[in-house]
>>> print(open('model25.cif').read())   # mmCIF, C-alpha atoms
data_coords
loop_
_atom_site.group_PDB
_atom_site.id
_atom_site.type_symbol
_atom_site.label_atom_id
_atom_site.label_comp_id
_atom_site.auth_asym_id
_atom_site.auth_seq_id
_atom_site.Cartn_x
_atom_site.Cartn_y
_atom_site.Cartn_z
ATOM 1 C CA MET A 5 10.271 20.697 25.977
ATOM 2 C CA THR A 6 8.905 18.771 22.985
ATOM 3 C CA THR A 7 9.944 20.059 19.550
ATOM 4 C CA ASP A 8 7.478 20.223 16.655
ATOM 5 C CA LYS A 9 9.192 17.234 15.064
ATOM 6 C CA GLU A 10 8.960 15.121 18.222
ATOM 7 C CA LEU A 11 5.275 15.993 18.490
ATOM 8 C CA PHE A 12 4.519 14.858 14.885
ATOM 9 C CA ILE A 13 6.517 11.664 15.402
ATOM 10 C CA LYS A 14 4.450 10.852 18.479
ATOM 11 C CA MET A 15 1.177 11.530 16.607
ATOM 12 C CA VAL A 16 2.153 9.190 13.754
ATOM 13 C CA LEU A 17 3.656 6.433 15.911
ATOM 14 C CA ASP A 18 0.595 6.503 18.200
ATOM 15 C CA MET A 19 -1.628 5.848 15.173
ATOM 16 C CA TRP A 20 0.702 3.052 13.999
ATOM 17 C CA ASN A 21 0.826 1.384 17.426
ATOM 18 C CA THR A 22 -2.944 1.632 17.861
ATOM 19 C CA ARG A 23 -3.627 -0.182 14.592
ATOM 20 C CA VAL A 24 -0.952 -2.849 15.182
ATOM 21 C CA GLN A 25 -2.349 -3.527 18.669
ATOM 22 C CA GLN A 26 -5.929 -3.696 17.354
ATOM 23 C CA THR A 27 -4.820 -6.206 14.715
ATOM 24 C CA ASP A 28 -2.932 -8.276 17.310
ATOM 25 C CA LYS A 29 -6.046 -8.319 19.497
ATOM 26 C CA LEU A 30 -8.251 -9.383 16.572
ATOM 27 C CA LEU A 31 -5.847 -12.247 15.826
ATOM 28 C CA THR A 32 -6.402 -13.609 19.343
ATOM 29 C CA GLU A 33 -10.154 -13.567 18.674
ATOM 30 C CA LEU A 34 -10.185 -15.282 15.266
ATOM 31 C CA SER A 35 -9.703 -19.045 14.882
ATOM 32 C CA ASP A 36 -7.292 -20.417 12.278
ATOM 33 C CA GLU A 37 -10.368 -21.731 10.477
ATOM 34 C CA GLN A 38 -11.815 -18.222 10.271
ATOM 35 C CA LEU A 39 -8.516 -16.799 8.990
ATOM 36 C CA LEU A 40 -8.566 -19.354 6.173
ATOM 37 C CA GLN A 41 -11.947 -18.058 4.982
ATOM 38 C CA GLU A 42 -12.648 -15.261 2.501
ATOM 39 C CA VAL A 43 -13.706 -11.963 4.110
ATOM 40 C CA THR A 44 -16.699 -12.130 1.791
ATOM 41 C CA THR A 45 -17.590 -14.290 -1.220
ATOM 42 C CA SER A 46 -14.845 -14.312 -3.884
ATOM 43 C CA LYS A 47 -12.652 -11.784 -2.043
ATOM 44 C CA ASN A 48 -9.299 -12.189 -0.253
ATOM 45 C CA ARG A 49 -8.882 -14.765 2.506
ATOM 46 C CA GLY A 50 -7.828 -13.669 5.985
ATOM 47 C CA ILE A 51 -4.493 -15.501 5.672
ATOM 48 C CA TYR A 52 -3.734 -13.611 2.460
ATOM 49 C CA LEU A 53 -4.569 -10.224 4.005
ATOM 50 C CA LEU A 54 -2.366 -10.951 7.028
ATOM 51 C CA GLY A 55 0.453 -12.088 4.738
ATOM 52 C CA HIS A 56 -0.072 -8.966 2.607
ATOM 53 C CA LEU A 57 0.193 -6.722 5.679
ATOM 54 C CA THR A 58 3.278 -8.624 6.875
ATOM 55 C CA ALA A 59 4.935 -8.287 3.467
ATOM 56 C CA THR A 60 4.067 -4.560 3.325
ATOM 57 C CA HIS A 61 5.579 -3.952 6.754
ATOM 58 C CA ASP A 62 8.587 -6.140 5.921
ATOM 59 C CA GLN A 63 9.302 -3.894 2.918
ATOM 60 C CA MET A 64 9.481 -0.935 5.286
ATOM 61 C CA PHE A 65 12.925 -2.029 6.551
ATOM 62 C CA ARG A 66 14.349 -1.203 3.148
ATOM 63 C CA LEU A 67 12.191 1.886 2.539
ATOM 64 C CA LEU A 68 13.329 3.350 5.857
ATOM 65 C CA ASP A 69 16.926 2.305 5.181
ATOM 66 C CA LEU A 70 17.015 0.154 8.305
ATOM 67 C CA ASP A 71 17.682 -3.403 7.184
ATOM 68 C CA ASN A 72 16.798 -6.084 4.637
ATOM 69 C CA PRO A 73 13.350 -7.710 4.697
ATOM 70 C CA ILE A 74 13.115 -10.592 7.187
ATOM 71 C CA PHE A 75 10.801 -12.668 4.967
ATOM 72 C CA PRO A 76 11.807 -11.831 1.377
ATOM 73 C CA ASP A 77 9.664 -14.684 -0.021
ATOM 74 C CA TYR A 78 6.512 -12.937 1.201
ATOM 75 C CA LYS A 79 6.823 -10.208 -1.452
ATOM 76 C CA ASN A 80 6.127 -12.581 -4.334
ATOM 77 C CA ILE A 81 3.357 -14.475 -2.560
ATOM 78 C CA PHE A 82 1.496 -11.631 -0.843
ATOM 79 C CA LEU A 83 2.392 -8.428 -2.724
ATOM 80 C CA ASP A 84 3.200 -9.248 -6.336
ATOM 81 C CA ASN A 85 0.475 -11.864 -6.719
ATOM 82 C CA PRO A 86 -3.213 -11.912 -5.796
ATOM 83 C CA ASP A 87 -4.758 -14.392 -3.373
ATOM 84 C CA LYS A 88 -5.006 -17.991 -4.635
ATOM 85 C CA ALA A 89 -2.529 -17.382 -7.504
ATOM 86 C CA ILE A 90 0.182 -19.232 -5.572
ATOM 87 C CA LEU A 91 -0.832 -22.490 -3.958
ATOM 88 C CA ASP A 92 2.261 -23.172 -1.848
ATOM 89 C CA ILE A 93 2.034 -20.515 0.861
ATOM 90 C CA PRO A 94 3.124 -20.489 4.535
ATOM 91 C CA THR A 95 0.731 -21.924 7.127
ATOM 92 C CA ILE A 96 -1.506 -19.614 9.130
ATOM 93 C CA ASN A 97 0.720 -20.137 12.185
ATOM 94 C CA GLU A 98 3.804 -19.178 10.202
ATOM 95 C CA VAL A 99 2.108 -16.035 8.859
ATOM 96 C CA LYS A 100 0.963 -15.042 12.351
ATOM 97 C CA GLN A 101 4.503 -15.491 13.708
ATOM 98 C CA SER A 102 5.992 -13.499 10.814
ATOM 99 C CA TRP A 103 3.473 -10.696 11.399
ATOM 100 C CA THR A 104 4.469 -10.445 15.061
ATOM 101 C CA ASN A 105 8.169 -10.744 14.310
ATOM 102 C CA VAL A 106 8.212 -7.986 11.662
ATOM 103 C CA ASN A 107 6.334 -5.533 13.870
ATOM 104 C CA ILE A 108 8.553 -6.203 16.902
ATOM 105 C CA GLN A 109 11.682 -5.603 14.833
ATOM 106 C CA LEU A 110 10.230 -2.424 13.287
ATOM 107 C CA CYS A 111 9.301 -1.165 16.743
ATOM 108 C CA LYS A 112 12.876 -1.728 17.973
ATOM 109 C CA HIS A 113 14.262 0.280 15.068
ATOM 110 C CA PHE A 114 11.674 3.054 15.532
ATOM 111 C CA LYS A 115 12.805 3.537 19.140
ATOM 112 C CA LEU A 116 16.400 4.085 18.038
ATOM 113 C CA MET A 117 15.612 6.648 15.346
ATOM 114 C CA HIS A 118 16.428 10.286 16.015
ATOM 115 C CA ALA A 119 13.849 12.978 15.305
ATOM 116 C CA ASN A 120 15.741 14.407 12.319
ATOM 117 C CA GLU A 121 16.132 10.959 10.779
ATOM 118 C CA TRP A 122 12.352 10.620 10.420
ATOM 119 C CA PHE A 123 12.313 13.681 8.170
ATOM 120 C CA GLN A 124 14.984 12.391 5.793
ATOM 121 C CA ARG A 125 13.986 10.944 2.433
ATOM 122 C CA HIS A 126 12.850 7.339 2.187
ATOM 123 C CA THR A 127 14.777 5.093 -0.201
ATOM 124 C CA SER A 128 12.255 5.087 -3.061
ATOM 125 C CA VAL A 129 12.543 8.853 -3.647
ATOM 126 C CA SER A 130 15.664 10.359 -5.247
ATOM 127 C CA GLN A 131 17.676 13.114 -3.569
ATOM 128 C CA GLN A 132 16.720 15.403 -6.468
ATOM 129 C CA ASP A 133 12.968 14.817 -6.077
ATOM 130 C CA PHE A 134 13.199 15.022 -2.313
ATOM 131 C CA GLU A 135 14.607 18.536 -2.492
ATOM 132 C CA LYS A 136 11.332 19.644 -4.097
ATOM 133 C CA GLU A 137 9.052 17.209 -2.198
ATOM 134 C CA SER A 138 10.260 17.042 1.380
ATOM 135 C CA HIS A 139 6.991 15.444 2.527
ATOM 136 C CA ARG A 140 8.259 12.188 0.991
ATOM 137 C CA ASN A 141 10.140 11.383 4.166
ATOM 138 C CA LYS A 142 10.423 8.306 6.376
ATOM 139 C CA LEU A 143 7.684 9.404 8.757
ATOM 140 C CA ASN A 144 5.276 9.631 5.831
ATOM 141 C CA ILE A 145 5.892 5.927 5.147
ATOM 142 C CA VAL A 146 4.630 5.097 8.642
ATOM 143 C CA LEU A 147 1.680 7.478 8.226
ATOM 144 C CA THR A 148 0.561 5.905 4.924
ATOM 145 C CA ARG A 149 1.256 2.324 6.064
ATOM 146 C CA SER A 150 -0.840 2.909 9.199
ATOM 147 C CA ASN A 151 -3.720 3.899 6.961
ATOM 148 C CA HIS A 152 -3.090 0.855 4.746
ATOM 149 C CA LEU A 153 -3.236 -1.319 7.878
ATOM 150 C CA GLY A 154 -6.499 0.360 8.914
ATOM 151 C CA TYR A 155 -7.960 -0.388 5.461
ATOM 152 C CA HIS A 156 -7.270 -4.133 5.694
ATOM 153 C CA LEU A 157 -8.096 -4.324 9.414
ATOM 154 C CA GLY A 158 -11.570 -3.115 8.434
ATOM 155 C CA GLN A 159 -11.761 -6.184 6.189
ATOM 156 C CA LEU A 160 -10.216 -8.719 8.587
ATOM 157 C CA ILE A 161 -12.690 -7.771 11.310
ATOM 158 C CA LEU A 162 -15.522 -8.995 9.066
ATOM 159 C CA LEU A 163 -14.271 -12.553 9.721
ATOM 160 C CA LYS A 164 -15.722 -12.282 13.245
ATOM 161 C CA ARG A 165 -19.106 -13.945 12.985
ATOM 162 C CA MET B 7 10.782 27.885 2.839
ATOM 163 C CA THR B 8 8.410 25.333 4.347
ATOM 164 C CA THR B 9 8.342 25.149 8.150
ATOM 165 C CA ASP B 10 8.179 21.818 9.995
ATOM 166 C CA LYS B 11 4.550 22.524 10.824
ATOM 167 C CA GLU B 12 3.590 23.275 7.202
ATOM 168 C CA LEU B 13 5.331 20.107 6.073
ATOM 169 C CA PHE B 14 3.461 17.966 8.555
ATOM 170 C CA ILE B 15 0.109 19.599 7.717
ATOM 171 C CA LYS B 16 0.719 18.732 4.060
ATOM 172 C CA MET B 17 1.504 15.103 4.941
ATOM 173 C CA VAL B 18 -1.715 14.726 6.921
ATOM 174 C CA LEU B 19 -3.976 16.612 4.486
ATOM 175 C CA ASP B 20 -2.541 14.629 1.552
ATOM 176 C CA MET B 21 -3.582 11.402 3.301
ATOM 177 C CA TRP B 22 -7.031 12.837 4.025
ATOM 178 C CA ASN B 23 -7.556 14.036 0.445
ATOM 179 C CA THR B 24 -6.363 10.733 -1.011
ATOM 180 C CA ARG B 25 -8.888 8.716 0.994
ATOM 181 C CA VAL B 26 -11.763 11.145 0.319
ATOM 182 C CA GLN B 27 -11.014 11.041 -3.417
ATOM 183 C CA GLN B 28 -10.781 7.240 -3.422
ATOM 184 C CA THR B 29 -14.157 7.054 -1.678
ATOM 185 C CA ASP B 30 -15.693 9.533 -4.144
ATOM 186 C CA LYS B 31 -14.372 7.430 -7.026
ATOM 187 C CA LEU B 32 -15.772 4.227 -5.520
ATOM 188 C CA LEU B 33 -19.179 5.891 -5.177
ATOM 189 C CA THR B 34 -19.234 6.513 -8.926
ATOM 190 C CA GLU B 35 -18.567 2.794 -9.469
ATOM 191 C CA LEU B 36 -21.193 1.366 -7.108
ATOM 192 C CA SER B 37 -24.890 1.270 -7.994
ATOM 193 C CA ASP B 38 -27.508 2.407 -5.473
ATOM 194 C CA GLU B 39 -28.588 -1.225 -5.304
ATOM 195 C CA GLN B 40 -25.078 -2.273 -4.289
ATOM 196 C CA LEU B 41 -24.897 0.460 -1.649
ATOM 197 C CA LEU B 42 -28.107 -0.882 -0.112
ATOM 198 C CA GLN B 43 -26.524 -4.315 0.374
ATOM 199 C CA GLU B 44 -24.538 -5.574 3.379
ATOM 200 C CA VAL B 45 -20.760 -5.622 2.827
ATOM 201 C CA THR B 46 -20.949 -9.257 3.900
ATOM 202 C CA THR B 47 -23.671 -11.412 5.499
ATOM 203 C CA SER B 48 -25.129 -9.832 8.668
ATOM 204 C CA LYS B 49 -22.699 -6.876 8.628
ATOM 205 C CA ASN B 50 -23.291 -3.157 7.929
ATOM 206 C CA ARG B 51 -24.916 -2.028 4.692
ATOM 207 C CA GLY B 52 -23.066 0.323 2.355
ATOM 208 C CA ILE B 53 -25.613 3.099 2.988
ATOM 209 C CA TYR B 54 -25.012 2.827 6.739
ATOM 210 C CA LEU B 55 -21.221 2.960 6.348
ATOM 211 C CA LEU B 56 -21.470 6.026 4.107
ATOM 212 C CA GLY B 57 -23.844 7.696 6.568
ATOM 213 C CA HIS B 58 -21.483 6.748 9.415
ATOM 214 C CA LEU B 59 -18.532 8.341 7.616
ATOM 215 C CA THR B 60 -20.610 11.438 6.810
ATOM 216 C CA ALA B 61 -21.714 11.765 10.451
ATOM 217 C CA THR B 62 -18.121 11.291 11.665
ATOM 218 C CA HIS B 63 -16.841 14.002 9.317
ATOM 219 C CA ASP B 64 -19.795 16.267 10.178
ATOM 220 C CA GLN B 65 -18.803 16.060 13.866
ATOM 221 C CA MET B 66 -15.368 17.398 12.901
ATOM 222 C CA PHE B 67 -16.763 20.930 12.436
ATOM 223 C CA ARG B 68 -17.364 21.092 16.182
ATOM 224 C CA LEU B 69 -14.204 19.194 17.174
ATOM 225 C CA LEU B 70 -12.101 21.609 15.133
ATOM 226 C CA ASP B 71 -14.070 24.601 16.457
ATOM 227 C CA LEU B 72 -15.126 25.583 12.933
ATOM 228 C CA ASP B 73 -18.899 25.418 12.838
ATOM 229 C CA ASN B 74 -21.967 23.409 13.817
ATOM 230 C CA PRO B 75 -22.684 20.067 12.113
ATOM 231 C CA ILE B 76 -24.537 20.453 8.817
ATOM 232 C CA PHE B 77 -26.615 17.294 9.304
ATOM 233 C CA PRO B 78 -27.170 17.015 13.078
ATOM 234 C CA ASP B 79 -29.744 14.216 12.609
ATOM 235 C CA TYR B 80 -27.056 11.920 11.207
ATOM 236 C CA LYS B 81 -25.421 11.527 14.640
ATOM 237 C CA ASN B 82 -28.349 9.592 16.090
ATOM 238 C CA ILE B 83 -28.940 7.465 12.990
ATOM 239 C CA PHE B 84 -25.365 6.666 11.951
ATOM 240 C CA LEU B 85 -23.178 7.141 15.043
ATOM 241 C CA ASP B 86 -25.224 6.489 18.178
ATOM 242 C CA ASN B 87 -27.159 3.558 16.723
ATOM 243 C CA PRO B 88 -26.086 0.477 14.763
ATOM 244 C CA ASP B 89 -27.290 -0.317 11.248
ATOM 245 C CA LYS B 90 -30.952 -1.384 10.978
ATOM 246 C CA ALA B 91 -31.817 -0.082 14.470
ATOM 247 C CA ILE B 92 -33.551 2.945 12.939
ATOM 248 C CA LEU B 93 -35.847 2.274 10.017
ATOM 249 C CA ASP B 94 -36.514 5.831 8.857
ATOM 250 C CA ILE B 95 -33.182 6.881 7.378
ATOM 251 C CA PRO B 96 -32.270 9.229 4.494
ATOM 252 C CA THR B 97 -32.263 7.809 0.949
ATOM 253 C CA ILE B 98 -29.018 6.707 -0.651
ATOM 254 C CA ASN B 99 -29.058 9.814 -2.829
ATOM 255 C CA GLU B 100 -29.474 12.061 0.198
ATOM 256 C CA VAL B 101 -26.593 10.320 2.008
ATOM 257 C CA LYS B 102 -24.354 10.631 -1.057
ATOM 258 C CA GLN B 103 -25.145 14.354 -1.326
ATOM 259 C CA SER B 104 -24.516 14.884 2.389
ATOM 260 C CA TRP B 105 -21.180 13.052 2.129
ATOM 261 C CA THR B 106 -20.057 15.338 -0.691
ATOM 262 C CA ASN B 107 -21.385 18.462 0.988
ATOM 263 C CA VAL B 108 -19.669 17.808 4.338
ATOM 264 C CA ASN B 109 -16.297 17.138 2.717
ATOM 265 C CA ILE B 110 -16.480 20.217 0.486
ATOM 266 C CA GLN B 111 -17.251 22.423 3.484
ATOM 267 C CA LEU B 112 -14.462 20.846 5.554
ATOM 268 C CA CYS B 113 -12.037 21.373 2.695
ATOM 269 C CA LYS B 114 -12.972 25.075 2.482
ATOM 270 C CA HIS B 115 -12.318 25.502 6.211
ATOM 271 C CA PHE B 116 -9.030 23.577 6.010
ATOM 272 C CA LYS B 117 -7.729 25.964 3.371
ATOM 273 C CA LEU B 118 -8.362 28.959 5.637
ATOM 274 C CA MET B 119 -6.639 27.505 8.704
ATOM 275 C CA HIS B 120 -3.239 28.878 9.683
ATOM 276 C CA ALA B 121 -0.394 26.495 10.495
ATOM 277 C CA ASN B 122 -0.407 27.309 14.215
ATOM 278 C CA GLU B 123 -4.145 26.784 14.442
ATOM 279 C CA TRP B 124 -3.750 23.120 13.480
ATOM 280 C CA PHE B 125 -1.625 22.579 16.569
ATOM 281 C CA GLN B 126 -4.134 24.067 18.992
ATOM 282 C CA ARG B 127 -6.279 21.760 21.120
ATOM 283 C CA HIS B 128 -9.430 20.241 19.673
ATOM 284 C CA THR B 129 -12.654 20.921 21.558
ATOM 285 C CA SER B 130 -12.976 17.541 23.294
ATOM 286 C CA VAL B 131 -9.746 17.984 25.266
ATOM 287 C CA SER B 132 -9.527 20.444 28.175
ATOM 288 C CA GLN B 133 -6.912 23.192 28.313
ATOM 289 C CA GLN B 134 -5.468 21.495 31.393
ATOM 290 C CA ASP B 135 -5.040 18.098 29.704
ATOM 291 C CA PHE B 136 -3.761 19.706 26.529
ATOM 292 C CA GLU B 137 -0.882 21.314 28.397
ATOM 293 C CA LYS B 138 0.414 17.822 29.203
ATOM 294 C CA GLU B 139 -0.759 16.158 25.959
ATOM 295 C CA SER B 140 -0.080 18.555 23.108
ATOM 296 C CA HIS B 141 -0.498 15.778 20.513
ATOM 297 C CA ARG B 142 -4.262 16.048 21.097
ATOM 298 C CA ASN B 143 -4.450 18.876 18.588
ATOM 299 C CA LYS B 144 -6.717 19.623 15.615
ATOM 300 C CA LEU B 145 -4.388 18.065 13.060
ATOM 301 C CA ASN B 146 -4.498 14.791 14.990
ATOM 302 C CA ILE B 147 -8.269 14.722 14.435
ATOM 303 C CA VAL B 148 -7.678 14.748 10.665
ATOM 304 C CA LEU B 149 -4.948 12.116 10.996
ATOM 305 C CA THR B 150 -7.154 9.717 12.999
ATOM 306 C CA ARG B 151 -10.275 10.395 10.908
ATOM 307 C CA SER B 152 -8.304 9.650 7.716
ATOM 308 C CA ASN B 153 -7.432 6.279 9.177
ATOM 309 C CA HIS B 154 -11.064 5.740 10.199
ATOM 310 C CA LEU B 155 -12.080 6.530 6.609
ATOM 311 C CA GLY B 156 -9.481 4.049 5.312
ATOM 312 C CA TYR B 157 -10.911 1.372 7.630
ATOM 313 C CA HIS B 158 -14.452 1.708 6.268
ATOM 314 C CA LEU B 159 -13.310 2.276 2.668
ATOM 315 C CA GLY B 160 -11.710 -1.184 2.917
ATOM 316 C CA GLN B 161 -15.206 -2.481 3.701
ATOM 317 C CA LEU B 162 -17.150 -0.436 1.146
ATOM 318 C CA ILE B 163 -14.898 -1.638 -1.652
ATOM 319 C CA LEU B 164 -16.093 -5.204 -0.994
ATOM 320 C CA LEU B 165 -19.458 -4.169 -2.494
ATOM 321 C CA LYS B 166 -17.809 -4.200 -5.932
ATOM 322 C CA ARG B 167 -18.675 -7.615 -7.327
#
>>> encode(input="model25.cif", output="structure tokens")
Amino acid sequence: MTTDKELFIKMVLDMWNTRVQQTDKLLTELSDEQLLQEVTTSKNRGIYLLGHLTATHDQMFRLLDLDNPIFPDYKNIFLDNPDKAILDIPTINEVKQSWTNVNIQLCKHFKLMHANEWFQRHTSVSQQDFEKESHRNKLNIVLTRSNHLGYHLGQLILLKR
Amino acid sequence: MTTDKELFIKMVLDMWNTRVQQTDKLLTELSDEQLLQEVTTSKNRGIYLLGHLTATHDQMFRLLDLDNPIFPDYKNIFLDNPDKAILDIPTINEVKQSWTNVNIQLCKHFKLMHANEWFQRHTSVSQQDFEKESHRNKLNIVLTRSNHLGYHLGQLILLKR
């Protein structure tokens, strides 16, 4: 018998896994040359968007109280600064490997989490606020980050010519 | 006291409302001329993407067993056919009005739905399949369509120059 909580967790993790798999598939279809291009004139490059997604997912370890980020340098390059502001960035192969690595590690943690744990507060909301706003839980981080991934996947796919 | 179901409905509807509001805001910032352009060379035009989103949301009335679509003609133009395949399409002002209209009507229906109703099957899954796959419920339609909206919003925003 599936509880309500287990059902919601499945709905959210299904959406997450679908978008991660679609992004992985797209990465097998795009050349490194394409990933170094802007998605359209004067907008972000593919490598920046993939680094941005990797950095966003890497921050989830801390938000979900699981671990430290695996690639702490990515935050400055791909979250705190816009594309082309920092010249010395990882290579496209390094970013692709980091992307895969972060998602594999997140997936491992997700599998070990108990249903009740998903409905506990995430680390950027205080206990006091959480008592009034219980929707600000760990599962909501995965829900919103899946949508964030969808947003940038819609941009990355434009690199297919 | 909020039940698990009510909490999860809030999480999903918050995501939906956020993306609809962000799209509405973007539409106030883009000129009609911009919306008639392709998001990047040889890709969909803004008007097509907005029509596609409107048609997708309009189909939700039936999927959620609420009503008939308001703009049944949109399905053929913006869902069953790619951009530029059909020459005689609504004007940008008509598409913008339809977009607003569909979302207002959906929102009205959402407010009247009871918590349990959200966890009933949507109309494209059979009762038999639903017994084994209870995640294929009405709320999951809103969850996946919010992500679909995020995907195309990420493209529409590229029209801002």
>>> resolve_selection(input="model25.cif", expression="the PyMOL selection byres ((chain A) within 7 of (chain B))", output="PyMOL selection string")
chain A and resi 8-9+11+15+44+139+144+151+154-159
>>> write_last_selection(input="model25.cif", atoms="C-alpha atoms", output="mmCIF file, keeping the file's coordinate frame")
data_model
loop_
_atom_site.group_PDB
_atom_site.id
_atom_site.type_symbol
_atom_site.label_atom_id
_atom_site.label_comp_id
_atom_site.auth_asym_id
_atom_site.auth_seq_id
_atom_site.Cartn_x
_atom_site.Cartn_y
_atom_site.Cartn_z
ATOM 1 C CA ASP A 8 7.478 20.223 16.655
ATOM 2 C CA LYS A 9 9.192 17.234 15.064
ATOM 3 C CA LEU A 11 5.275 15.993 18.490
ATOM 4 C CA MET A 15 1.177 11.530 16.607
ATOM 5 C CA THR A 44 -16.699 -12.130 1.791
ATOM 6 C CA HIS A 139 6.991 15.444 2.527
ATOM 7 C CA ASN A 144 5.276 9.631 5.831
ATOM 8 C CA ASN A 151 -3.720 3.899 6.961
ATOM 9 C CA GLY A 154 -6.499 0.360 8.914
ATOM 10 C CA TYR A 155 -7.960 -0.388 5.461
ATOM 11 C CA HIS A 156 -7.270 -4.133 5.694
ATOM 12 C CA LEU A 157 -8.096 -4.324 9.414
ATOM 13 C CA GLY A 158 -11.570 -3.115 8.434
ATOM 14 C CA GLN A 159 -11.761 -6.184 6.189
#
>>> atom_distance(input="model25.cif", atom1="CA of Leu69 (chain B)", atom2="CA of Ile147 (chain B)")
7.9 Å
>>> resolve_selection(input="model25.cif", expression="the PyMOL selection byres ((chain A and resi 89-92) around 12)", output="PyMOL selection string")
chain A and resi 48+52+77-88+93-95
>>> closest_residue(input="model25.cif", among="A:Met5, A:Thr127, A:Gln132, A:Asn105", to="Arg66 (chain A)", atoms="all atoms listed in the file")
A:Thr127
>>> closest_residue(input="model25.cif", among="A:Ile96, A:Leu39, A:Leu68, A:Ile74", to="Met117 (chain A)", atoms="all atoms listed in the file")
A:Leu68
>>> residues_around(input="model25.cif", residues="Ser102 (chain A)", least_positions_apart="4", cutoff="7 Å", atoms="all atoms listed in the file", output="count of residues only")
3
>>> atom_distance(input="model25.cif", atom1="CA of Asp71 (chain B)", atom2="CA of Lys144 (chain B)")
8.9 Å
>>> atom_distance(input="model25.cif", atom1="CA of Asn74 (chain B)", atom2="CA of Val101 (chain B)")
18.2 Å
>>> resolve_selection(input="model25.cif", expression="the PyMOL selection byres ((chain A and resi 28) around 12)", output="NGL selection string")
:A and (21-27 or 29-34 or 54 or 100-101 or 103-105 or 107-108 or 153 or 157 or 160-161)
>>> axis_aligned_box(input="model25.cif", around="region 139-148 of chain A", padding_each_side="8 Å", output="lines of an AutoDock Vina configuration file")
center_x = 5.5
center_y = 10.3
center_z = 4.9
size_x = 25.9
size_y = 26.3
size_z = 23.8
>>> residues_around(input="model25.cif", residues="Leu42 (chain B)", least_positions_apart="6", cutoff="6 Å", atoms="all atoms listed in the file", output="list in words")
Arg51, Gly52 and Ile53 of chain B
